[in-house]
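Novice: My structure is in input38.txt, and what it holds is compact mmCIF, C-alpha atoms:
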# COMPACT_ATOMS: atom_id res chain seq x y z
CA MET A 1 -69.92 -100.71 -28.62
CA SER A 2 -66.67 -100.85 -30.38
CA TRP A 3 -63.43 -100.65 -28.58
CA ASN A 4 -60.07 -99.97 -30.19
CA ALA A 5 -57.34 -102.02 -28.71
CA PRO A 6 -54.22 -99.92 -28.03
CA GLN A 7 -51.61 -100.37 -30.65
CA LYS A 8 -48.77 -102.46 -29.49
CA VAL A 9 -45.55 -100.49 -29.08
CA ILE A 10 -42.42 -102.42 -29.63
CA PHE A 11 -39.24 -100.73 -28.39
CA PRO A 12 -36.06 -101.64 -30.21
CA ARG A 13 -33.59 -103.70 -28.31
CA TRP A 14 -31.03 -100.88 -27.91
CA VAL A 15 -33.42 -99.02 -25.61
CA ASP A 16 -32.79 -101.49 -22.79
CA PRO A 17 -29.42 -100.08 -21.62
CA LEU A 18 -30.78 -96.51 -21.91
CA VAL A 19 -33.54 -97.30 -19.41
CA LYS A 20 -30.88 -98.14 -16.88
CA LEU A 21 -29.03 -94.95 -17.74
CA ALA A 22 -32.18 -92.85 -17.25
CA GLY A 23 -32.10 -93.47 -13.51
CA ALA A 24 -28.53 -92.28 -13.25
CA GLY A 25 -29.42 -89.32 -15.49
CA ALA A 26 -32.21 -88.20 -13.15
CA VAL A 27 -29.89 -88.25 -10.15
CA LEU A 28 -27.11 -86.47 -12.03
CA GLY A 29 -29.53 -83.93 -13.51
CA GLY A 30 -30.94 -83.14 -10.08
CA ALA A 31 -27.48 -82.64 -8.65
CA TYR A 32 -26.60 -80.49 -11.65
CA VAL A 33 -29.58 -78.18 -11.16
CA ALA A 34 -28.89 -77.93 -7.41
CA MET A 35 -25.26 -77.02 -8.03
CA LEU A 36 -26.18 -74.50 -10.70
CA VAL A 37 -28.66 -72.74 -8.38
CA ALA A 38 -26.26 -72.76 -5.42
CA TYR A 39 -23.44 -71.35 -7.54
CA GLY A 40 -25.49 -68.92 -9.59
CA ALA A 41 -27.76 -67.57 -6.87
CA SER A 42 -25.07 -67.13 -4.23
CA PRO A 43 -24.47 -63.55 -3.04
CA LYS A 44 -20.92 -63.84 -4.38
CA THR A 45 -22.42 -64.05 -7.86
CA LEU A 46 -25.37 -61.72 -7.51
CA ASP A 47 -24.13 -59.00 -5.15
CA VAL A 48 -20.34 -58.78 -5.35
CA GLY A 49 -19.08 -56.62 -8.19
CA TYR A 50 -22.02 -54.22 -8.26
CA ALA A 51 -20.55 -50.96 -9.58
CA PRO A 52 -23.34 -48.58 -10.56
CA GLU A 53 -22.69 -45.63 -12.82
CA GLN A 54 -22.77 -42.38 -10.84
CA PRO A 55 -24.09 -39.01 -12.00
CA VAL A 56 -20.58 -37.57 -11.53
CA PRO A 57 -17.53 -39.75 -12.31
CA TYR A 58 -16.02 -39.12 -8.87
CA SER A 59 -12.79 -41.08 -8.51
CA HIS A 60 -11.73 -42.42 -5.11
CA THR A 61 -8.39 -43.33 -6.72
CA LEU A 62 -7.67 -39.65 -7.27
CA HIS A 63 -9.18 -38.20 -4.08
CA VAL A 64 -8.16 -40.88 -1.60
CA GLY A 65 -5.31 -42.74 -3.29
CA GLN A 66 -3.44 -39.75 -4.70
CA LEU A 67 -4.58 -36.75 -2.63
CA GLY A 68 -4.69 -38.80 0.55
CA LEU A 69 -8.03 -37.44 1.75
CA ASP A 70 -9.22 -39.33 4.80
CA CYS A 71 -12.55 -41.17 4.46
CA ARG A 72 -13.95 -38.94 7.21
CA TYR A 73 -13.27 -35.72 5.34
CA CYS A 74 -16.45 -36.47 3.37
CA HIS A 75 -18.16 -39.30 5.28
CA THR A 76 -18.25 -37.25 8.47
CA SER A 77 -20.98 -39.12 10.32
CA VAL A 78 -19.30 -42.54 10.15
CA GLU A 79 -17.90 -42.33 13.70
CA ARG A 80 -20.96 -40.76 15.25
CA GLY A 81 -23.98 -42.50 13.81
CA PRO A 82 -25.35 -45.62 12.13
CA HIS A 83 -25.24 -44.11 8.65
CA ALA A 84 -22.03 -43.11 6.87
CA ASN A 85 -23.24 -40.11 4.96
CA VAL A 86 -22.62 -39.27 1.35
CA PRO A 87 -21.29 -35.71 1.62
CA PRO A 88 -23.40 -32.69 0.76
CA THR A 89 -22.46 -30.80 -2.41
CA ALA A 90 -20.93 -28.12 -0.18
CA THR A 91 -18.10 -30.53 0.67
CA CYS A 92 -17.24 -30.91 -3.03
CA MET A 93 -17.31 -27.15 -3.39
CA ASN A 94 -14.75 -26.68 -0.58
CA CYS A 95 -12.18 -27.29 -3.31
CA HIS A 96 -14.08 -27.12 -6.59
CA THR A 97 -14.87 -23.43 -6.29
CA LYS A 98 -11.12 -23.06 -6.97
CA VAL A 99 -10.20 -26.26 -8.79
CA LEU A 100 -11.40 -27.28 -12.28
CA THR A 101 -14.21 -24.73 -12.17
CA GLU A 102 -15.01 -25.24 -15.86
CA SER A 103 -14.90 -29.05 -15.97
CA PRO A 104 -17.95 -30.38 -17.85
CA GLN A 105 -17.87 -33.52 -15.70
CA LEU A 106 -18.42 -31.32 -12.64
CA ALA A 107 -21.40 -29.49 -14.15
CA PRO A 108 -23.94 -31.47 -12.04
CA VAL A 109 -22.00 -30.49 -8.90
CA ARG A 110 -22.03 -26.78 -9.77
CA GLU A 111 -25.71 -26.98 -10.67
CA SER A 112 -26.49 -28.68 -7.36
CA ALA A 113 -24.56 -26.02 -5.47
CA GLN A 114 -26.51 -23.28 -7.23
CA THR A 115 -29.99 -24.75 -7.04
CA GLY A 116 -29.75 -26.63 -3.76
CA LYS A 117 -31.08 -29.78 -5.40
CA PRO A 118 -29.10 -32.85 -4.30
CA ILE A 119 -26.95 -34.85 -6.71
CA PRO A 120 -28.69 -38.21 -7.27
CA TRP A 121 -25.76 -40.42 -6.19
CA VAL A 122 -26.50 -44.12 -6.56
CA ARG A 123 -26.21 -46.19 -3.42
CA VAL A 124 -23.68 -49.03 -3.80
CA HIS A 125 -23.91 -50.85 -0.46
CA ASP A 126 -27.50 -51.55 0.48
CA LEU A 127 -28.41 -53.94 3.27
CA PRO A 128 -31.88 -55.47 3.34
CA ASP A 129 -34.36 -53.18 5.10
CA TYR A 130 -34.85 -55.64 7.98
CA VAL A 131 -31.19 -55.37 9.01
CA TYR A 132 -29.95 -52.88 11.57
CA PHE A 133 -26.34 -51.83 11.08
CA ASP A 134 -24.38 -49.12 12.87
CA HIS A 135 -21.17 -47.81 11.30
CA SER A 136 -20.05 -46.01 14.47
CA ALA A 137 -20.23 -49.19 16.55
CA HIS A 138 -17.79 -50.90 14.19
CA VAL A 139 -15.40 -48.08 13.29
CA THR A 140 -14.84 -46.95 16.89
CA ARG A 141 -14.18 -50.55 18.04
CA GLY A 142 -11.44 -51.40 15.64
CA ILE A 143 -13.07 -52.56 12.40
CA GLY A 144 -11.48 -50.71 9.52
CA CYS A 145 -13.34 -49.43 6.46
CA VAL A 146 -11.32 -51.75 4.23
CA SER A 147 -12.68 -54.90 5.94
CA CYS A 148 -16.10 -54.43 4.34
CA HIS A 149 -15.55 -51.90 1.54
CA GLY A 150 -12.23 -53.16 0.14
CA ARG A 151 -9.50 -50.97 -1.30
CA VAL A 152 -11.70 -47.99 -2.08
CA ASP A 153 -8.54 -45.91 -2.56
CA THR A 154 -7.90 -47.84 -5.79
CA MET A 155 -11.45 -47.70 -7.14
CA ASP A 156 -12.21 -45.27 -9.94
CA ILE A 157 -15.76 -46.56 -9.78
CA VAL A 158 -16.82 -47.84 -6.36
CA GLN A 159 -17.91 -51.43 -6.40
CA GLN A 160 -19.20 -53.84 -3.81
CA VAL A 161 -16.50 -56.33 -2.81
CA ALA A 162 -18.18 -58.13 0.10
CA THR A 163 -21.34 -60.18 -0.10
CA LEU A 164 -22.97 -58.33 2.83
CA SER A 165 -24.82 -61.58 3.40
CA MET A 166 -25.84 -62.81 6.84
CA ALA A 167 -23.27 -65.63 6.76
CA TRP A 168 -20.60 -63.02 6.04
CA CYS A 169 -21.72 -60.80 8.95
CA ILE A 170 -21.85 -63.69 11.39
CA ASP A 171 -18.48 -65.04 10.34
CA CYS A 172 -16.84 -61.81 11.50
CA HIS A 173 -19.01 -61.56 14.62
CA ARG A 174 -17.70 -65.02 15.57
CA HIS A 175 -14.08 -64.38 14.60
CA PRO A 176 -13.51 -60.62 14.79
CA GLU A 177 -9.78 -60.98 15.54
CA ARG A 178 -9.00 -61.31 11.82
CA HIS A 179 -10.21 -57.75 11.26
CA LEU A 180 -9.43 -55.84 14.45
CA ARG A 181 -7.02 -52.91 14.43
CA PRO A 182 -6.51 -49.79 16.55
CA PRO A 183 -9.60 -47.58 16.05
CA GLU A 184 -7.40 -44.60 15.11
CA GLU A 185 -6.26 -46.66 12.10
CA ALA A 186 -9.83 -47.40 10.99
CA THR A 187 -9.60 -45.35 7.80
CA ASN A 188 -6.09 -46.51 6.93
CA MET A 189 -6.46 -48.65 3.80
CA THR A 190 -3.09 -50.39 4.17
CA TRP A 191 -2.72 -50.84 7.93
CA ALA A 192 -0.86 -53.93 9.09
CA PRO A 193 0.01 -54.98 12.64
CA PRO A 194 3.65 -54.64 13.83
CA GLY A 195 4.37 -58.25 12.82
CA GLY A 196 3.40 -57.68 9.16
CA GLY A 197 0.25 -58.17 7.13
CA SER A 198 0.03 -61.97 7.24
CA VAL A 199 -3.15 -63.62 8.47
CA GLU A 200 -1.28 -65.02 11.50
CA ALA A 201 0.06 -61.60 12.50
CA ARG A 202 -3.38 -60.02 12.10
CA GLU A 203 -5.00 -62.74 14.19
CA ALA A 204 -2.32 -62.46 16.87
CA PHE A 205 -2.84 -58.71 17.09
CA GLY A 206 -6.63 -59.12 16.96
CA ARG A 207 -6.71 -61.70 19.78
CA GLN A 208 -4.77 -59.38 22.08
CA PHE A 209 -6.81 -56.33 21.06
CA ARG A 210 -9.99 -58.30 21.65
CA LEU A 211 -8.92 -59.20 25.17
CA ASP A 212 -7.69 -55.70 26.01
CA HIS A 213 -10.79 -53.93 24.73
CA LYS A 214 -13.35 -56.61 25.55
CA ILE A 215 -14.59 -56.90 21.98
CA ASN A 216 -17.40 -59.44 22.13
CA PRO A 217 -19.66 -58.98 19.13
CA PRO A 218 -23.08 -60.48 19.86
CA THR A 219 -24.58 -63.13 17.61
CA ASP A 220 -28.13 -62.95 18.94
CA CYS A 221 -30.87 -62.53 16.33
CA SER A 222 -31.88 -59.22 17.90
CA THR A 223 -28.44 -57.74 17.37
CA CYS A 224 -29.25 -57.01 13.75
CA HIS A 225 -32.96 -57.84 13.46
CA ARG A 226 -34.53 -55.46 15.92
CA MET B 1 -26.47 -99.05 -28.71
CA PRO B 2 -26.90 -96.82 -31.78
CA PRO B 3 -23.90 -94.71 -32.78
CA TRP B 4 -25.50 -91.33 -31.94
CA VAL B 5 -25.86 -91.95 -28.19
CA LYS B 6 -22.25 -91.31 -27.32
CA PRO B 7 -21.82 -88.03 -29.25
CA LEU B 8 -25.14 -86.84 -27.83
CA GLY B 9 -23.95 -87.53 -24.28
CA VAL B 10 -20.68 -85.70 -24.86
CA THR B 11 -22.52 -82.72 -26.37
CA VAL B 12 -24.96 -82.52 -23.45
CA ALA B 13 -22.13 -82.72 -20.95
CA PHE B 14 -20.32 -79.96 -22.81
CA LEU B 15 -23.37 -77.71 -23.01
CA ALA B 16 -24.01 -78.29 -19.32
CA MET B 17 -20.68 -76.62 -18.58
CA ILE B 18 -21.67 -73.37 -20.29
CA PRO B 19 -23.95 -71.98 -17.54
CA PHE B 20 -21.14 -72.56 -15.01
CA ALA B 21 -18.66 -70.74 -17.24
CA VAL B 22 -21.05 -67.79 -17.61
CA ILE B 23 -21.58 -67.64 -13.84
CA ALA B 24 -17.86 -67.97 -13.12
CA ARG B 25 -17.24 -65.00 -15.40
CA ALA B 26 -20.01 -62.97 -13.76
CA ARG B 27 -18.41 -63.60 -10.36
CA VAL B 28 -15.15 -61.91 -11.31
CA THR B 29 -16.43 -58.99 -13.36
CA ALA B 30 -17.93 -55.74 -12.09
CA SER B 31 -21.23 -54.65 -13.53
CA PRO B 32 -23.26 -51.45 -13.36
CA ASP B 33 -26.48 -53.43 -13.70
CA PRO B 34 -28.71 -53.63 -10.62
CA ARG B 35 -28.23 -56.60 -8.33
CA ILE B 36 -30.57 -59.53 -8.95
CA HIS B 37 -32.38 -60.77 -5.88
CA ILE B 38 -34.41 -63.81 -6.80
CA ILE B 39 -36.12 -64.12 -3.45
CA ARG B 40 -36.94 -60.55 -2.47
CA ASP B 41 -38.33 -61.34 0.99
CA MET B 42 -38.63 -57.89 2.57
CA ASP B 43 -35.34 -56.50 1.27
CA ASN B 44 -36.98 -53.30 0.19
CA GLN B 45 -39.74 -52.07 2.46
CA ALA B 46 -42.01 -49.08 2.12
CA TYR B 47 -40.00 -46.70 4.26
CA PHE B 48 -37.19 -44.28 3.64
CA LYS B 49 -33.64 -44.82 4.80
CA ALA B 50 -31.17 -42.03 5.55
CA GLN B 51 -30.35 -39.98 2.45
CA SER B 52 -32.76 -41.86 0.20
CA SER B 53 -34.90 -40.01 -2.31
CA ASN B 54 -38.62 -39.28 -2.27
CA PRO B 55 -40.23 -37.91 -5.43
CA LEU B 56 -43.08 -36.39 -3.39
CA PHE B 57 -40.87 -33.45 -2.50
CA ALA B 58 -39.70 -30.89 -5.04
CA ASP B 59 -36.03 -31.29 -4.10
CA GLY B 60 -36.28 -35.10 -4.09
CA ARG B 61 -35.02 -35.50 -0.52
CA ALA B 62 -36.71 -38.00 1.78
CA MET B 63 -34.94 -36.38 4.74
CA ARG B 64 -36.56 -33.01 5.29
CA PRO B 65 -34.39 -30.07 6.28
CA PRO B 66 -35.68 -28.26 9.38
CA VAL B 67 -37.85 -25.19 8.82
CA PRO B 68 -35.58 -22.13 8.72
CA GLY B 69 -35.20 -20.67 12.17
CA THR B 70 -35.77 -23.98 13.95
CA VAL B 71 -33.71 -24.33 17.13
CA ALA B 72 -33.24 -27.80 18.57
CA ARG B 73 -33.58 -28.10 22.34
CA GLY B 74 -30.23 -27.53 24.00
CA GLU B 75 -28.73 -26.22 20.78
CA ASP B 76 -29.58 -22.53 21.01
CA GLU B 77 -25.85 -21.73 20.55
CA LEU B 78 -26.24 -18.48 22.46
CA ASP B 79 -22.80 -18.78 24.07
CA ASP B 80 -20.66 -16.49 21.89
CA HIS B 81 -17.45 -17.81 23.39
CA ARG B 82 -18.16 -21.47 22.68
CA TYR B 83 -19.94 -21.16 19.34
CA ARG B 84 -18.32 -18.09 17.74
CA GLY B 85 -15.02 -17.62 19.55
CA THR B 86 -15.84 -14.03 20.40
CA THR B 87 -16.71 -11.92 23.43
CA PRO B 88 -20.46 -11.51 24.07
CA ASP B 89 -20.54 -8.19 22.20
CA GLY B 90 -18.85 -9.87 19.23
CA ALA B 91 -16.18 -7.18 19.14
CA THR B 92 -13.03 -9.23 19.81
CA TYR B 93 -11.92 -12.83 19.61
CA VAL B 94 -11.38 -14.64 22.87
CA ASP B 95 -7.97 -16.00 23.72
CA ALA B 96 -9.20 -18.72 26.07
CA PHE B 97 -10.93 -22.04 25.66
CA PRO B 98 -14.63 -22.27 26.51
CA GLU B 99 -15.73 -23.38 29.95
CA GLY B 100 -15.76 -27.12 30.54
CA LEU B 101 -13.09 -27.87 27.94
CA THR B 102 -9.83 -29.02 29.50
CA VAL B 103 -6.75 -28.51 27.38
CA ASP B 104 -4.80 -31.69 28.00
CA ALA B 105 -2.91 -34.32 26.02
CA ALA B 106 -6.16 -36.06 25.07
CA LEU B 107 -7.61 -32.88 23.56
CA LEU B 108 -4.41 -32.18 21.62
CA GLU B 109 -4.35 -35.76 20.36
CA ARG B 110 -7.97 -35.38 19.25
CA GLY B 111 -7.04 -32.11 17.59
CA ARG B 112 -4.08 -33.71 15.82
CA GLY B 113 -6.28 -36.43 14.34
CA ARG B 114 -8.98 -33.98 13.23
CA TYR B 115 -6.36 -31.58 11.84
CA GLN B 116 -4.94 -34.36 9.70
CA VAL B 117 -8.38 -35.24 8.35
CA PHE B 118 -9.76 -31.78 7.64
CA CYS B 119 -6.85 -29.30 7.50
CA ALA B 120 -3.73 -31.14 6.35
CA PRO B 121 -5.01 -31.72 2.76
CA CYS B 122 -4.39 -28.00 2.08
CA HIS B 123 -2.36 -26.64 5.01
CA GLY B 124 0.01 -29.61 5.16
CA VAL B 125 0.79 -31.93 8.05
CA ALA B 126 3.21 -29.39 9.53
CA GLY B 127 1.06 -26.38 8.67
CA TYR B 128 3.21 -24.68 6.03
CA GLY B 129 0.43 -24.47 3.46
CA ASP B 130 1.94 -27.24 1.36
CA GLY B 131 -0.60 -30.08 1.59
CA PRO B 132 -1.15 -32.71 -1.13
CA VAL B 133 -4.16 -30.83 -2.56
CA HIS B 134 -1.95 -27.79 -3.06
CA HIS B 135 0.65 -29.86 -4.90
CA GLN B 136 -1.98 -31.50 -7.08
CA ALA B 137 -3.47 -28.08 -7.89
CA LEU B 138 -0.03 -26.76 -8.91
CA ALA B 139 0.48 -29.81 -11.13
CA ALA B 140 -2.90 -29.19 -12.77
CA ILE B 141 -1.97 -25.54 -13.40
CA ASN B 142 1.34 -26.64 -14.93
CA ARG B 143 -0.49 -29.03 -17.23
CA GLY B 144 -2.65 -26.11 -18.35
CA ARG B 145 -5.95 -27.51 -17.06
CA PRO B 146 -8.71 -24.90 -17.48
CA GLY B 147 -10.65 -23.48 -14.54
CA MET B 148 -7.78 -23.39 -12.05
CA GLU B 149 -8.29 -20.47 -9.71
CA TRP B 150 -6.11 -21.96 -7.02
CA VAL B 151 -4.70 -19.76 -4.29
CA THR B 152 -1.79 -20.98 -2.17
CA PRO B 153 -3.09 -22.05 1.26
CA THR B 154 -2.01 -19.87 4.15
CA SER B 155 0.96 -21.05 6.18
CA LEU B 156 -0.07 -21.38 9.81
CA HIS B 157 3.42 -20.20 10.73
CA ALA B 158 3.13 -16.84 8.96
CA GLU B 159 3.83 -13.95 11.33
CA ASN B 160 0.25 -12.67 11.45
CA VAL B 161 -1.33 -16.12 11.80
CA ARG B 162 0.93 -16.92 14.75
CA GLY B 163 -0.64 -13.98 16.55
CA PHE B 164 -4.22 -15.30 16.15
CA GLN B 165 -6.18 -15.84 19.34
CA VAL B 166 -7.63 -19.36 19.71
CA GLY B 167 -11.06 -17.77 19.30
CA ARG B 168 -10.05 -16.46 15.90
CA ILE B 169 -8.70 -19.84 14.79
CA PHE B 170 -11.99 -21.39 15.91
CA HIS B 171 -13.90 -18.69 14.05
CA VAL B 172 -11.96 -19.27 10.82
CA ILE B 173 -12.52 -23.04 10.99
CA THR B 174 -16.23 -22.48 11.62
CA ASN B 175 -16.94 -19.78 9.05
CA GLY B 176 -14.05 -19.92 6.62
CA VAL B 177 -12.09 -16.90 5.45
CA ARG B 178 -11.32 -15.49 1.99
CA ASN B 179 -10.69 -18.63 -0.14
CA MET B 180 -11.11 -21.17 2.65
CA ALA B 181 -14.54 -22.76 2.91
CA PRO B 182 -16.38 -22.96 6.26
CA TYR B 183 -15.92 -26.26 8.11
CA GLY B 184 -18.60 -25.73 10.76
CA ALA B 185 -20.90 -28.25 9.07
CA GLN B 186 -18.21 -30.93 8.79
CA VAL B 187 -16.55 -30.63 12.20
CA PRO B 188 -18.49 -30.59 15.50
CA VAL B 189 -17.90 -27.69 17.94
CA ASP B 190 -15.66 -29.50 20.42
CA ASP B 191 -13.54 -30.93 17.60
CA ARG B 192 -13.07 -27.42 16.22
CA TRP B 193 -11.76 -26.29 19.59
CA ALA B 194 -9.48 -29.33 19.68
CA ILE B 195 -8.11 -28.38 16.26
CA ALA B 196 -7.59 -24.79 17.43
CA ALA B 197 -5.62 -26.10 20.42
CA TYR B 198 -3.55 -28.33 18.16
CA VAL B 199 -2.83 -25.46 15.74
CA LYS B 200 -1.51 -23.44 18.70
CA ALA B 201 0.71 -26.38 19.67
CA LEU B 202 1.85 -26.78 16.06
CA GLN B 203 2.76 -23.10 15.87
CA ALA B 204 4.75 -23.33 19.10
CA SER B 205 6.54 -26.47 17.85
CA GLN B 206 7.79 -24.74 14.71
CA ARG B 207 9.01 -21.59 16.43
CA THR B 208 12.59 -21.30 17.55
CA GLU B 209 13.60 -18.27 19.58
CA ASP B 210 16.47 -16.25 18.16
Kindly present the structure from the file in structure tokens form.
Specialist:
Amino acid sequence: MSWNAPQKVIFPRWVDPLVKLAGAGAVLGGAYVAMLVAYGASPKTLDVGYAPEQPVPYSHTLHVGQLGLDCRYCHTSVERGPHANVPPTATCMNCHTKVLTESPQLAPVRESAQTGKPIPWVRVHDLPDYVYFDHSAHVTRGIGCVSCHGRVDTMDIVQQVATLSMAWCIDCHRHPERHLRPPEEATNMTWAPPGGGSVEAREAFGRQFRLDHKINPPTDCSTCHR
Amino acid sequence: MPPWVKPLGVTVAFLAMIPFAVIARARVTASPDPRIHIIRDMDNQAYFKAQSSNPLFADGRAMRPPVPGTVARGEDELDDHRYRGTTPDGATYVDAFPEGLTVDAALLERGRGRYQVFCAPCHGVAGYGDGPVHHQALAAINRGRPGMEWVTPTSLHAENVRGFQVGRIFHVITNGVRNMAPYGAQVPVDDRWAIAAYVKALQASQRTED
């Protein structure tokens, strides 16, 4: 029975310092991968900035920013129910039976009004299906639209500005005073407390409002996961 | 150490920066592409949320409209005064508020808020028919935009409108009139009465006796 002795491998001398470096490389490489995943997979990277193309190029800059339409003119259910509705085509046609009746961009709206088939608007803000969220509970207790949706009045194409992550929800449930305002100002995109728009002034107003109106947002699991 | 180790290390360190630069750019730019969720958990479950779509139905709606003629319990809307602003025979408009609705400061304040949301865009904050939508429509006509069939909104202080009964104001809000669209679907019944009350107050506020 013949047996082949393994060939002797002789490393060159310059390999010696590299062996020591390899240990450091493994540690550094691991940290690198961890940082890359944490940075790249964070909701700030993956969720913020989502701005889907819509079937009709509806501009909030024009309708809200310039015409001054209140959010609730279209999103009528926001104060009464969990879901802030996308308006029915009939709401568009309140004006567009008289305004820009030949616009090619509005053709899907006219078609929807004639046929009764809904316009396939693309949802921008979508919470995971295991999360319960109620718009009316927030809007009627002093959380403004702008806190979560950003300056929609300057958006030609609506985009997501908040992560809508659980850490983000809980941060506000623990410190709501930064976002509180009188409920009648909920849809005001540029509201600031009497002392100005600084963080200190907002917190000062919010602390007092919180006391006066007993705003104590729960942080139990079952608040949102029910 | 051979001469190529150092340049190799520098190159690797440089290349390692690229993914971070790409991610940093992605964080500050908007994108129409769908969001990437690496761990899906149960983000999207097999049920339909409000206003989602369902290809099983011809119109694509997951939310099914009620069968025509369906009346929800407690919503028979048989009270002509409350729901139509008319007398039971439908012949004349009522000039009183429906039973159970107290006209007080709170109702007027509610009406003011709702008026500013739903009416002021065309009728103007003070009711003279000069709201921002009207101005924008005039500007579009001046620029020669096609398809402008705009009609000047009615001033709520016109002689004939001043004489409207509250029931008629309610009726117009609910069902629309001439060029004005109906707002019954957008504004709940009690809010429509609140707006009617506020319009009456607005009319009184703009009227000076000779």
Novice: Which is closer to Gly68 in chain A than all the others in A:Asp153, A:Asp47, A:Glu102, A:Asp129, using all atoms listed in the file?
Specialist: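 Using all atoms listed in the file, the shortest distance to Gly68 in chain A belongs to A:Asp153.
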Novice: Specify as JSON, numbers by chain all residues of chain B found within 6 Å of chain A, counting only C-alpha atoms.
Specialist: {"B": [1, 23, 27, 30, 31, 32, 35, 36, 43, 44, 59, 117, 118, 132, 133, 147, 148, 149, 150, 181]}
Novice: Which is closest to Thr208 in chain B among B:Leu101, B:Ser52, B:His157, B:Gln186, if we use only C-alpha atoms?
Specialist: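 Using only C-alpha atoms, the shortest distance to Thr208 in chain B belongs to B:His157.
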Novice: When you look at range 165-180 of chain A with a cut-off of 8 Å (counting only C-alpha atoms), what residues show up, excluding the ones that are within fewer than 3 positions of it in the same chain? I need them as a PyMOL selection string.
Specialist: chain A and resi 43+141-144+147+199+202-207+209-210+216-219
Novice: So, with all atoms listed in the file as the atoms that count, which of B:Asp190, B:Ala21, B:Phe48, B:Ala16 lies closest to Gly100 in chain B?
Specialist: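 Counting all atoms listed in the file, the residue closest to Gly100 in chain B is B:Asp190.
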Novice: In Å, how far is it from CA of Ser53 in chain B to CA of His60 in chain A?
Specialist: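 Rounded to one decimal, the two atoms are 23.5 Å apart.
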Novice: List as a PyMOL selection string the protein and nucleic acid residues near range 182-185 of chain B, meaning an atom at most 8 Å away when only C-alpha atoms are counted, but skip any in the same chain fewer than 6 places from it.
Specialist: (chain A and resi 94) or (chain B and resi 172-176+192)
Novice: Next, the residues of the selection above should be written as a tab-separated table (two decimals), in the frame of the given file with C-alpha atoms.
Specialist:
chain	number	residue	atom	x	y	z
A	94	ASN	CA	-14.75	-26.68	-0.58
B	172	VAL	CA	-11.96	-19.27	10.82
B	173	ILE	CA	-12.52	-23.04	10.99
B	174	THR	CA	-16.23	-22.48	11.62
B	175	ASN	CA	-16.94	-19.78	9.05
B	176	GLY	CA	-14.05	-19.92	6.62
B	192	ARG	CA	-13.07	-27.42	16.22
